[in-house]
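*Asks:* Compact mmCIF, C-alpha atoms, saved as my_file-v8.txt, coming up:
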# COMPACT_ATOMS: atom_id res chain seq x y z
CA MET A 1004 65.78 5.88 -2.44
CA THR A 1005 62.12 5.05 -1.95
CA ALA A 1006 62.80 1.31 -1.74
CA VAL A 1007 65.63 1.88 0.71
CA ALA A 1008 63.43 4.11 2.87
CA ALA A 1009 60.65 1.54 2.86
CA ALA A 1010 63.04 -1.23 3.76
CA SER A 1011 64.47 0.76 6.64
CA ARG A 1012 61.02 1.74 8.04
CA GLN A 1013 60.31 0.41 11.49
CA PRO A 1014 57.25 -1.91 11.93
CA THR A 1015 54.10 -0.40 13.42
CA ASP A 1016 54.06 -0.53 17.17
CA TRP A 1017 50.41 -1.41 17.88
CA GLY A 1018 51.01 -1.06 21.56
CA HIS A 1019 52.13 2.56 21.39
CA PRO A 1020 49.99 4.84 23.64
CA ARG A 1021 49.24 7.34 20.86
CA LEU A 1022 48.04 4.58 18.50
CA ALA A 1023 45.97 3.01 21.23
CA GLN A 1024 44.38 6.40 21.93
CA ARG A 1025 43.49 6.83 18.24
CA LEU A 1026 41.91 3.37 18.15
CA ARG A 1027 39.85 4.08 21.27
CA ARG A 1028 38.66 7.36 19.76
CA ARG A 1029 37.71 5.61 16.52
CA HIS A 1030 35.84 2.84 18.34
CA ARG A 1031 34.07 5.42 20.51
CA SER A 1032 32.93 7.32 17.40
CA GLU A 1033 31.63 4.09 15.87
CA ARG A 1034 29.68 3.20 19.02
CA LEU A 1035 28.25 6.71 19.19
CA PHE A 1036 27.13 6.54 15.56
CA ARG A 1037 25.46 3.17 16.15
CA ALA A 1038 23.70 4.51 19.25
CA ILE A 1039 22.44 7.57 17.37
CA GLY A 1040 21.21 5.43 14.47
CA LEU A 1041 19.47 3.01 16.82
CA SER A 1042 17.89 5.92 18.72
CA ALA A 1043 16.59 7.44 15.50
CA LEU A 1044 15.12 4.07 14.51
CA VAL A 1045 13.46 3.65 17.92
CA VAL A 1046 11.97 7.17 17.75
CA ALA A 1047 10.63 6.59 14.23
CA VAL A 1048 9.10 3.24 15.17
CA GLY A 1049 7.70 4.78 18.36
CA PHE A 1050 5.92 7.54 16.49
CA LEU A 1051 4.58 5.01 13.99
CA ALA A 1052 3.34 2.79 16.81
CA LEU A 1053 1.74 5.81 18.49
CA LEU A 1054 -0.04 6.73 15.26
CA LEU A 1055 -1.28 3.20 14.62
CA GLY A 1056 -2.24 2.73 18.26
CA THR A 1057 -4.27 5.93 18.29
CA MET A 1058 -6.00 5.03 15.04
CA LEU A 1059 -6.75 1.50 16.22
CA LYS A 1060 -7.99 2.71 19.60
CA ASP A 1061 -10.45 5.15 18.04
CA GLY A 1062 -11.13 3.37 14.76
CA VAL A 1063 -11.77 -0.29 15.54
CA SER A 1064 -15.04 0.59 17.25
CA GLY A 1065 -16.12 2.24 13.99
CA PHE A 1066 -16.47 -1.23 12.49
CA VAL A 1067 -18.87 -2.22 15.29
CA GLN A 1068 -22.46 -0.96 15.42
CA THR A 1069 -24.99 -1.06 18.25
CA GLN A 1070 -28.36 -2.28 16.96
CA ALA A 1071 -31.89 -2.58 18.30
CA ARG A 1072 -34.34 -5.34 17.39
CA ILE A 1073 -37.82 -4.45 16.14
CA ASP A 1074 -40.64 -6.66 14.95
CA THR A 1075 -42.35 -5.24 11.90
CA THR A 1076 -45.35 -6.11 9.77
CA LEU A 1077 -45.15 -4.96 6.17
CA ASP A 1078 -48.85 -4.44 5.55
CA PRO A 1079 -49.59 -2.89 2.12
CA ALA A 1080 -52.07 -0.37 3.57
CA THR A 1081 -49.52 1.36 5.79
CA LEU A 1082 -46.92 1.10 3.04
CA GLU A 1083 -49.46 2.79 0.73
CA LEU A 1084 -48.92 0.08 -1.86
CA SER A 1085 -51.52 -0.85 -4.45
CA ALA A 1086 -51.50 -4.03 -6.51
CA ASP A 1087 -48.51 -2.65 -8.36
CA ARG A 1088 -45.36 -4.42 -7.17
CA SER A 1089 -42.93 -2.89 -9.64
CA PRO A 1090 -39.47 -1.86 -8.37
CA GLU A 1091 -40.44 1.80 -8.75
CA ALA A 1092 -43.57 1.36 -6.63
CA LEU A 1093 -41.71 -0.62 -3.98
CA ALA A 1094 -38.92 1.98 -3.82
CA SER A 1095 -41.38 4.84 -3.23
CA ALA A 1096 -43.53 3.09 -0.59
CA ASN A 1097 -44.07 4.72 2.81
CA TYR A 1098 -41.52 2.73 4.80
CA LEU A 1099 -41.06 5.54 7.31
CA ALA A 1100 -44.63 5.21 8.59
CA VAL A 1101 -44.25 1.46 9.06
CA TYR A 1102 -40.88 1.93 10.71
CA LEU A 1103 -42.00 4.57 13.23
CA ARG A 1104 -45.10 2.55 14.14
CA ASP A 1105 -43.16 -0.64 14.77
CA VAL A 1106 -40.36 1.14 16.65
CA ARG A 1107 -42.90 2.40 19.18
CA GLU A 1108 -44.58 -1.01 19.42
CA SER A 1109 -41.31 -2.93 19.80
CA LEU A 1110 -39.15 -0.51 21.81
CA GLY A 1111 -41.77 1.53 23.67
CA GLN A 1112 -42.61 5.22 23.48
CA ASP A 1113 -38.95 6.13 24.00
CA GLY A 1114 -37.97 3.84 21.12
CA VAL A 1115 -37.78 6.74 18.69
CA ARG A 1116 -35.05 8.18 20.92
CA ILE A 1117 -33.11 4.93 20.72
CA ALA A 1118 -33.45 3.70 17.14
CA SER A 1119 -31.96 5.73 14.32
CA ILE A 1120 -34.43 7.76 12.29
CA ASN A 1121 -32.76 6.38 9.15
CA GLY A 1122 -33.46 2.76 10.08
CA TRP A 1123 -36.32 2.63 7.57
CA THR A 1124 -33.73 2.40 4.78
CA GLU A 1125 -32.84 -1.09 6.02
CA LEU A 1126 -36.53 -1.98 5.75
CA ARG A 1127 -36.66 -0.72 2.17
CA ARG A 1128 -33.49 -2.63 1.27
CA ARG A 1129 -34.96 -5.89 2.52
CA VAL A 1130 -38.18 -5.38 0.55
CA LEU A 1131 -36.37 -4.43 -2.66
CA GLU A 1132 -34.25 -7.58 -2.35
CA ASP A 1133 -37.31 -9.76 -1.68
CA PRO A 1134 -40.70 -8.24 -2.67
CA GLY A 1135 -42.38 -11.32 -1.24
CA LEU A 1136 -41.86 -9.88 2.25
CA VAL A 1137 -44.78 -7.47 1.71
CA GLY A 1138 -47.60 -8.61 3.97
CA GLN A 1139 -45.24 -10.68 6.12
CA ARG A 1140 -43.94 -10.17 9.65
CA LEU A 1141 -40.21 -10.15 10.21
CA THR A 1142 -37.55 -9.27 12.75
CA LEU A 1143 -35.24 -6.41 11.88
CA TRP A 1144 -32.04 -5.17 13.54
CA VAL A 1145 -31.64 -1.43 12.99
CA PRO A 1146 -28.86 0.94 14.13
CA VAL A 1147 -29.39 3.05 17.22
CA ARG A 1148 -28.81 6.78 17.37
CA SER A 1149 -25.23 8.01 17.42
CA GLU A 1150 -25.28 9.22 21.04
CA VAL A 1151 -26.78 5.90 22.19
CA ASP A 1152 -24.14 4.00 20.22
CA GLN A 1153 -21.35 6.07 21.80
CA TYR A 1154 -22.87 5.47 25.25
CA ALA A 1155 -23.03 1.72 24.60
CA LYS A 1156 -19.34 1.71 23.63
CA GLY A 1157 -18.36 3.58 26.80
CA ARG A 1158 -17.39 6.78 25.01
CA ILE A 1159 -19.94 8.92 26.87
CA ASP A 1160 -19.78 9.32 30.62
CA VAL A 1161 -23.07 10.44 32.13
CA GLY A 1162 -21.25 11.68 35.24
CA ALA A 1163 -22.74 13.36 38.28
CA ASP A 1164 -24.95 15.70 36.26
CA PRO A 1165 -26.75 13.71 33.52
CA THR A 1166 -28.26 16.90 32.10
CA LEU A 1167 -24.82 17.95 30.84
CA ALA A 1168 -24.13 14.68 29.00
CA PRO A 1169 -24.69 14.37 25.23
CA ILE A 1170 -27.23 11.62 25.91
CA ARG A 1171 -30.55 12.26 27.66
CA PRO A 1172 -31.46 10.46 30.92
CA GLU A 1173 -34.56 8.94 29.32
CA GLN A 1174 -32.36 7.48 26.58
CA VAL A 1175 -30.10 5.92 29.22
CA ARG A 1176 -33.08 4.38 31.00
CA ALA A 1177 -34.60 3.11 27.76
CA TYR A 1178 -31.30 1.62 26.67
CA ALA A 1179 -30.85 -0.22 29.99
CA ARG A 1180 -34.40 -1.61 29.73
CA LEU A 1181 -33.97 -2.78 26.14
CA GLU A 1182 -30.58 -4.32 26.90
CA ALA A 1183 -32.15 -6.30 29.75
CA GLU A 1184 -34.92 -7.45 27.37
CA GLY A 1185 -32.35 -8.74 24.86
CA ARG A 1186 -33.28 -6.20 22.20
CA ILE A 1187 -29.78 -4.66 21.99
CA ARG A 1188 -26.75 -6.20 20.33
CA LYS A 1189 -23.40 -5.21 18.85
CA ALA A 1190 -22.65 -6.40 15.33
CA PHE A 1191 -20.31 -5.72 12.44
CA ASN A 1192 -21.05 -2.31 10.92
CA ARG A 1193 -21.93 -3.18 7.32
CA THR A 1194 -23.32 0.31 6.84
CA PHE A 1195 -19.85 1.79 7.19
CA LEU A 1196 -18.64 -0.14 4.14
CA SER A 1197 -21.83 -0.20 2.07
CA ALA A 1198 -23.32 3.30 2.53
CA ALA A 1199 -22.26 6.73 1.33
CA ASP A 1200 -21.99 9.92 3.34
CA SER A 1201 -24.79 11.02 5.66
CA THR A 1202 -25.50 13.77 8.16
CA SER A 1203 -26.15 11.07 10.78
CA PRO A 1204 -22.99 9.26 11.99
CA GLU A 1205 -24.81 5.95 12.42
CA SER A 1206 -25.81 6.01 8.73
CA ALA A 1207 -22.57 7.36 7.25
CA GLY A 1208 -20.26 5.12 5.24
CA ILE A 1209 -17.26 5.22 2.95
CA ARG A 1210 -18.61 3.42 -0.12
CA GLY A 1211 -19.15 6.62 -2.09
CA ALA A 1212 -15.69 7.96 -1.23
CA PHE A 1213 -14.04 4.61 -1.90
CA VAL A 1214 -15.62 4.28 -5.35
CA GLY A 1215 -14.72 7.91 -6.06
CA SER A 1216 -11.10 7.17 -5.10
CA LEU A 1217 -10.97 4.15 -7.41
CA LEU A 1218 -12.39 6.08 -10.38
CA THR A 1219 -10.05 9.01 -9.74
CA ILE A 1220 -6.98 6.77 -9.50
CA LEU A 1221 -7.98 4.93 -12.69
CA VAL A 1222 -8.07 8.23 -14.57
CA THR A 1223 -4.74 9.24 -13.02
CA LEU A 1224 -3.10 5.95 -13.98
CA ALA A 1225 -4.55 5.91 -17.51
CA LEU A 1226 -3.17 9.38 -18.23
CA ALA A 1227 0.07 9.56 -16.25
CA PHE A 1228 1.53 6.10 -16.91
CA PRO A 1229 1.73 6.03 -20.74
CA VAL A 1230 2.66 9.70 -21.05
CA GLY A 1231 5.28 9.49 -18.29
CA VAL A 1232 6.89 6.30 -19.60
CA LEU A 1233 6.99 7.49 -23.21
CA ALA A 1234 8.45 10.83 -22.13
CA ALA A 1235 11.12 9.03 -20.09
CA ILE A 1236 12.01 6.73 -23.00
CA TYR A 1237 12.33 9.66 -25.39
CA LEU A 1238 14.45 11.76 -23.01
CA GLU A 1239 16.75 8.86 -22.12
CA GLU A 1240 17.10 7.11 -25.48
CA PHE A 1241 16.25 9.45 -28.33
CA ALA A 1242 16.46 13.10 -27.27
CA PRO A 1243 19.62 14.98 -28.30
CA LYS A 1244 21.80 16.20 -25.47
CA ASN A 1245 21.60 20.00 -25.68
CA ARG A 1246 20.52 22.89 -23.53
CA TRP A 1247 16.84 22.42 -24.38
CA THR A 1248 16.73 18.85 -23.08
CA ASP A 1249 18.74 19.99 -20.05
CA LEU A 1250 16.09 22.66 -19.43
CA ILE A 1251 13.33 20.05 -19.74
CA GLU A 1252 15.08 17.74 -17.27
CA VAL A 1253 15.54 20.53 -14.75
CA SER A 1254 11.88 21.53 -15.16
CA ILE A 1255 10.69 17.96 -14.56
CA ASN A 1256 12.82 17.68 -11.42
CA ASN A 1257 11.45 20.98 -10.15
CA LEU A 1258 7.84 19.98 -10.90
CA ALA A 1259 8.26 16.87 -8.74
CA ALA A 1260 8.90 19.16 -5.76
CA VAL A 1261 6.07 21.64 -6.41
CA PRO A 1262 3.41 21.70 -3.62
CA SER A 1263 0.34 19.71 -4.56
CA ILE A 1264 -2.05 22.63 -4.08
CA ILE A 1265 -0.38 24.36 -7.06
CA PHE A 1266 -1.54 21.51 -9.27
CA GLY A 1267 -5.01 21.97 -7.79
CA LEU A 1268 -4.99 25.62 -8.83
CA LEU A 1269 -3.81 24.57 -12.28
CA GLY A 1270 -6.63 22.03 -12.57
CA LEU A 1271 -9.14 24.64 -11.42
CA ALA A 1272 -7.94 27.16 -14.02
CA VAL A 1273 -7.56 24.76 -16.96
CA PHE A 1274 -10.07 21.93 -16.54
CA LEU A 1275 -12.93 23.80 -14.85
CA ASN A 1276 -12.69 27.46 -15.84
CA THR A 1277 -11.25 27.03 -19.36
CA MET A 1278 -12.41 23.60 -20.55
CA GLY A 1279 -15.71 23.66 -18.64
CA LEU A 1280 -15.49 20.07 -17.40
CA PRO A 1281 -17.94 18.96 -14.66
CA ARG A 1282 -17.07 20.01 -11.16
CA SER A 1283 -16.44 17.41 -8.43
CA ALA A 1284 -16.05 14.66 -11.05
CA PRO A 1285 -13.47 11.83 -10.85
CA LEU A 1286 -12.45 12.78 -14.41
CA VAL A 1287 -11.28 16.24 -13.32
CA GLY A 1288 -9.75 14.94 -10.09
CA GLY A 1289 -7.87 12.22 -11.97
CA MET A 1290 -6.55 14.68 -14.56
CA THR A 1291 -5.36 17.01 -11.80
CA LEU A 1292 -3.60 14.19 -9.95
CA ALA A 1293 -2.11 12.99 -13.25
CA LEU A 1294 -0.37 16.36 -13.64
CA MET A 1295 1.06 15.96 -10.14
CA THR A 1296 2.11 12.31 -10.62
CA LEU A 1297 3.61 12.72 -14.09
CA PRO A 1298 7.01 14.14 -13.00
CA VAL A 1299 7.43 11.36 -10.42
CA ILE A 1300 6.77 8.68 -13.05
CA VAL A 1301 9.14 10.32 -15.55
CA ILE A 1302 11.98 10.47 -13.00
CA ALA A 1303 11.43 6.87 -11.82
CA ALA A 1304 11.15 5.56 -15.39
CA ARG A 1305 14.34 7.36 -16.49
CA ALA A 1306 16.24 5.91 -13.54
CA ALA A 1307 14.99 2.40 -14.37
CA ILE A 1308 15.91 2.76 -18.07
CA LYS A 1309 19.34 4.15 -17.20
CA ALA A 1310 19.97 1.14 -14.93
CA VAL A 1311 19.77 -1.28 -17.90
CA PRO A 1312 23.39 -2.13 -18.86
CA PRO A 1313 24.65 -0.64 -22.16
CA SER A 1314 25.67 -4.14 -23.26
CA ILE A 1315 21.98 -4.98 -23.77
CA ARG A 1316 21.65 -2.14 -26.26
CA GLU A 1317 24.93 -2.98 -27.97
CA ALA A 1318 24.01 -6.65 -28.32
CA ALA A 1319 20.60 -5.83 -29.83
CA LEU A 1320 22.07 -3.32 -32.26
CA GLY A 1321 24.84 -5.78 -33.13
CA ILE A 1322 22.40 -8.41 -34.40
CA GLY A 1323 20.61 -5.89 -36.61
CA ALA A 1324 17.80 -4.54 -34.42
CA SER A 1325 16.72 -0.96 -35.07
CA ARG A 1326 16.95 1.70 -32.41
CA LEU A 1327 13.19 1.48 -31.81
CA GLN A 1328 13.25 -2.33 -31.58
CA THR A 1329 16.16 -2.19 -29.18
CA VAL A 1330 14.34 0.15 -26.84
CA PHE A 1331 10.86 -1.42 -26.86
CA GLN A 1332 11.81 -5.10 -27.17
CA HIS A 1333 14.88 -5.23 -24.94
CA VAL A 1334 15.45 -2.15 -22.81
CA ALA A 1335 11.85 -1.35 -21.79
CA PRO A 1336 10.97 -4.92 -20.66
CA LEU A 1337 14.09 -5.05 -18.50
CA ALA A 1338 13.31 -1.64 -17.01
CA LEU A 1339 9.63 -2.47 -16.45
CA PRO A 1340 9.96 -3.57 -12.77
CA GLY A 1341 11.53 -0.25 -11.81
CA ILE A 1342 9.01 1.65 -13.91
CA LEU A 1343 6.07 -0.14 -12.29
CA THR A 1344 7.50 0.35 -8.81
CA GLY A 1345 7.92 4.10 -9.32
CA THR A 1346 4.48 4.36 -10.90
CA ILE A 1347 2.71 2.56 -8.06
CA ILE A 1348 4.50 4.65 -5.44
CA GLY A 1349 3.52 7.82 -7.32
CA VAL A 1350 -0.10 6.68 -7.56
CA ALA A 1351 -0.10 5.80 -3.85
CA ARG A 1352 1.04 9.33 -3.10
CA ALA A 1353 -1.73 10.71 -5.30
CA LEU A 1354 -4.28 8.54 -3.49
CA GLY A 1355 -3.53 10.30 -0.20
CA GLU A 1356 -3.72 13.84 -1.58
CA THR A 1357 -6.42 16.23 -0.41
CA ALA A 1358 -5.42 19.79 -1.30
CA PRO A 1359 -5.58 19.55 -5.13
CA LEU A 1360 -8.95 17.78 -5.00
CA LEU A 1361 -10.38 20.44 -2.70
CA MET A 1362 -9.48 23.03 -5.32
CA VAL A 1363 -11.45 21.22 -8.04
CA GLY A 1364 -14.54 20.88 -5.84
CA MET A 1365 -14.35 17.24 -4.74
CA ARG A 1366 -15.57 18.08 -1.24
CA ALA A 1367 -19.26 17.98 -2.09
CA PHE A 1368 -21.78 16.14 0.10
CA ILE A 1369 -22.37 12.96 -1.92
CA VAL A 1370 -25.22 10.71 -0.74
CA ASP A 1371 -24.62 7.96 -3.31
CA ALA A 1372 -21.65 6.31 -4.98
CA PRO A 1373 -20.72 7.72 -8.42
CA ARG A 1374 -21.69 5.59 -11.39
CA GLY A 1375 -19.33 7.13 -13.91
CA PHE A 1376 -16.29 9.32 -14.35
CA THR A 1377 -18.38 12.50 -14.72
CA ASP A 1378 -20.72 11.99 -11.77
CA PRO A 1379 -20.22 14.09 -8.61
CA ALA A 1380 -17.91 12.29 -6.22
CA THR A 1381 -15.50 12.64 -3.36
CA VAL A 1382 -12.46 10.61 -2.28
CA LEU A 1383 -11.34 9.00 0.95
CA PRO A 1384 -8.83 11.69 2.05
CA VAL A 1385 -11.39 14.44 1.51
CA GLN A 1386 -14.09 12.40 3.29
CA ILE A 1387 -11.74 11.99 6.25
CA PHE A 1388 -11.07 15.73 6.22
CA LEU A 1389 -14.78 16.55 6.24
CA TRP A 1390 -15.60 14.09 9.03
CA SER A 1391 -12.70 15.31 11.18
CA ASP A 1392 -14.16 18.83 11.03
CA ASP A 1393 -17.57 17.68 12.33
CA VAL A 1394 -18.43 18.38 15.96
CA ASN A 1395 -20.55 15.23 16.38
CA ARG A 1396 -18.75 12.64 18.50
CA GLY A 1397 -19.98 9.84 16.30
CA PHE A 1398 -17.81 11.06 13.44
CA VAL A 1399 -14.62 10.75 15.54
CA GLU A 1400 -14.54 6.97 15.27
CA LYS A 1401 -15.74 7.18 11.67
CA THR A 1402 -12.72 9.35 10.89
CA SER A 1403 -10.29 6.93 12.50
CA ALA A 1404 -11.95 3.92 10.85
CA ALA A 1405 -11.75 5.60 7.44
CA ILE A 1406 -8.06 6.34 8.08
CA LEU A 1407 -7.51 2.64 8.78
CA VAL A 1408 -9.18 1.75 5.48
CA LEU A 1409 -7.04 4.29 3.63
CA LEU A 1410 -3.87 3.02 5.31
CA ALA A 1411 -4.78 -0.57 4.40
CA PHE A 1412 -5.37 0.52 0.80
CA LEU A 1413 -2.01 2.31 0.68
CA LEU A 1414 -0.21 -0.65 2.26
CA ALA A 1415 -1.79 -2.97 -0.31
CA ILE A 1416 -0.60 -0.76 -3.17
CA ASN A 1417 2.92 -0.57 -1.75
CA ALA A 1418 2.92 -4.34 -1.22
CA VAL A 1419 2.12 -4.76 -4.92
CA ALA A 1420 5.07 -2.50 -5.75
CA VAL A 1421 7.41 -4.57 -3.58
CA TYR A 1422 6.14 -7.81 -5.12
CA LEU A 1423 6.64 -6.56 -8.67
CA ARG A 1424 10.12 -5.34 -7.86
CA ASN A 1425 11.16 -8.64 -6.26
CA ARG A 1426 9.44 -10.75 -8.90
CA TYR A 1427 10.88 -9.15 -12.03
CA GLU A 1428 14.01 -7.41 -10.83
CA ARG A 1429 17.23 -8.45 -12.57
CA LYS A 1430 20.62 -8.44 -10.90
CA TRP A 1431 23.40 -7.04 -13.07
Translate this structure into C-alpha cells?

*Replies:*
Amino acid sequence: MTAVAAASRQPTDWGHPRLAQRLRRRHRSERLFRAIGLSALVVAVGFLALLLGTMLKDGVSGFVQTQARIDTTLDPATLELSADRSPEALASANYLAVYLRDVRESLGQDGVRIASINGWTELRRRVLEDPGLVGQRLTLWVPVRSEVDQYAKGRIDVGADPTLAPIRPEQVRAYARLEAEGRIRKAFNRTFLSAADSTSPESAGIRGAFVGSLLTILVTLALAFPVGVLAAIYLEEFAPKNRWTDLIEVSINNLAAVPSIIFGLLGLAVFLNTMGLPRSAPLVGGMTLALMTLPVIVIAARAAIKAVPPSIREAALGIGASRLQTVFQHVAPLALPGILTGTIIGVARALGETAPLLMVGMRAFIVDAPRGFTDPATVLPVQIFLWSDDVNRGFVEKTSAAILVLLAFLLAINAVAVYLRNRYERKW
C-alpha cells in the first residue's frame, strides 16, 4: 500500500502560491537573522573601537614627557662629598641642593615652578652610573611639573580667567620664555616604564606594579597548573564514577562561577589571618589567584583529555602499556595544546583581577619594585585602580597609559595561547 501510494503521489508543484509564500517567508527569516547577526557584530566592534580609541586618546600622551634643560656642576662641596667615593657615599650625597641651585641658574627664579622637585633623582642616577661625573659640568634634561606638562600637551586651557586654571600665570610665562630659549622639549617618557609609584604624576611609573604582576602570576602558575592538570587527569582517567566524583565535578563547575572577591576573602582568612603570611606580598596574591584559577584549569584540562580519541588509549593498552603509561605518555601529550590554551586563558583572567588582591592588601603605596616573593608589592590592575581615584589631572593619562600596557600584556598572553593551539593541535 505504501509503495502504491508513493507511486501515485503527484510531483511537487514549485510554482504553487502557498509554496512560494513559504519560501519567501523562509528567505525573509534568513535575511533577518543575518542582519541581526551583522548588527550585533558591528555594535560589538564599535564598542571595542570606542574603548581603544578612548584609551589611545588619553594614554598615548602618557608615553611622552615634557622636559626642561638645566646645566649643572657636580662640585663635591655642594654635594657634601668627602674623598670617599663608595656607592653608599654617592647615594647619600646632597643632590637636592645642587639641583635646586642649578635649576634657578639655568631656568631663572621661576624655574622651581617649572622643573619637577623630583628631578634630582635623575642627577643621582647619572652619578651612580658614572662616578667620574663628580666635579664635572653636564647638561641634564629633567621632567617638568605635572601641571606644566599638561599645559604643554594642551590638556589645560588657561581661559579668560587664568587665576581659575590649574596652572599659575607665572608658570605660563616662564614656560613660554624657556620654550623660546630652546630649553623645553618633548621626549619619550622612560620614567613611566622604569620608575615605581610616586605622589607626583611626573615621577610615577609602572615598573613596581609590572614586576609585582609578574611575580604574582608566576606563583599562580606554579601552583595552579600542576595541581589543576593532575586533578583533571585523575577525575577523567582514574576516578571511579560514583556520586562522590559527581559531587566533586559539580563543585568544581560551581567554583568556576564564584565571584572573584569571594576568593579574596578566602585568601584573607586563610593565608593572612590563619597562616600569618606577609601582607601585600606576591606570594599571598599568587596563592589567592591560584585558588580562583584552579577550577578553570581543571575544566579546560578535562575537556582537552576527553577530546583525545579512545582509540589512542586502546592502542596503547593493546601493546602492553600500563594505565599510567597510557595516560602520561600518550593521552597527556596529545591533550597538552588544549591544556596549555585553557591554562593561559585562565592566567590572563587572573592577571586582570583586582578585587581579590585588594582583600589581601596589595593596594599599598610601593615606591620601589619588589625583589622577592615576600616583599610588599602591588599589581597593574590595582595600580590602575589607585591612579584612577586620584584627583590630579596628571594621573588621568597615566591611568590610560597603564591600561594600554595591561591590554598589550593580555593580548600577548592570548597570542601565545593561539600559537600553541595552532602549533600543536591535532585534527581527529

*Asks:* In Å, with one decimal, what is the gap from CA of Ile1387 (chain A) to CA of Ala1351 (chain A)?

*Replies:*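 If I compute the distance from CA of Ile1387 (chain A) to CA of Ala1351 (chain A), I get 16.6 Å.
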
*Asks:* Any idea what the distance is between CA of Glu1083 (chain A) and CA of Val1115 (chain A)?

*Replies:*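 Rounded to one decimal, the two atoms are 21.8 Å apart.
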
*Asks:* As a VMD selection string, please: the residues near Val1363 (chain A) (cut-off 12 Å, all atoms listed in the file, same-chain neighbours under 3 positions excluded).

*Replies:* chain A and resid 1264 to 1276 1279 to 1292 1357 to 1360 1366 to 1367 1379 to 1381 1385

*Asks:* Just to confirm, what's the straight-line distance from CA of Leu1339 (chain A) to CA of Val1299 (chain A) in Å (one decimal)?

*Replies:*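 Separation between CA of Leu1339 (chain A) and CA of Val1299 (chain A): 15.2 Å.
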
*Asks:* So that I can see what lies close to region 1205-1207 of chain A, please list as a list in words the residues with an atom at most 8 Å from it, counting only C-alpha atoms and leaving out residues fewer than 5 positions away in the same chain.

*Replies:*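 Everything that qualifies: Gln1068, Ser1119, Asn1121, Pro1146, Val1147, Arg1148, Ser1149, Thr1194, Phe1195, Ala1198, Ala1199, Asp1200 and Gly1397 of chain A.
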
*Asks:* Go ahead and save the picked residues with C-alpha atoms, as a short mmCIF file (atom, residue, chain, number, x, y, z; two decimals), keeping the file's coordinate frame.

*Replies:*
data_model
loop_
_atom_site.label_atom_id
_atom_site.label_comp_id
_atom_site.auth_asym_id
_atom_site.auth_seq_id
_atom_site.Cartn_x
_atom_site.Cartn_y
_atom_site.Cartn_z
CA GLN A 1068 -22.46 -0.96 15.42
CA SER A 1119 -31.96 5.73 14.32
CA ASN A 1121 -32.76 6.38 9.15
CA PRO A 1146 -28.86 0.94 14.13
CA VAL A 1147 -29.39 3.05 17.22
CA ARG A 1148 -28.81 6.78 17.37
CA SER A 1149 -25.23 8.01 17.42
CA THR A 1194 -23.32 0.31 6.84
CA PHE A 1195 -19.85 1.79 7.19
CA ALA A 1198 -23.32 3.30 2.53
CA ALA A 1199 -22.26 6.73 1.33
CA ASP A 1200 -21.99 9.92 3.34
CA GLY A 1397 -19.98 9.84 16.30
#

*Asks:* Listed atoms of region 1094-1104 of chain A, axis-aligned box, 4 Å per side: centre and edge lengths to one decimal in Å, as JSON?

*Replies:*
{"center_x": -42.0, "center_y": 3.5, "center_z": 5.2, "size_x": 14.2, "size_y": 12.1, "size_z": 26.0}

*Asks:* Residues proximal to (-14.6, -0.6, 14.4) were defined as those with any atom within 12 Å of that point in the file's coordinates, counting only C-alpha atoms. Which are they, as number ranges by chain?

*Replies:* A: 1058-1069, 1156, 1189-1196, 1397, 1399-1408

*Asks:* Ranking A:Asp1113, A:Val1230, A:Val1330, A:Arg1305 by minimum distance to Glu1317 (chain A) and counting only C-alpha atoms, which one comes first?

*Replies:*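 Closest to Glu1317 (chain A) of all the choices is A:Val1330.
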
*Asks:* Compare A:Val1370, A:Leu1218, A:Ile1251, A:Val1161 by their minimum atom-to-atom distance to Ala1235 (chain A), counting all atoms listed in the file, and give me the closest one.

*Replies:* A:Ile1251
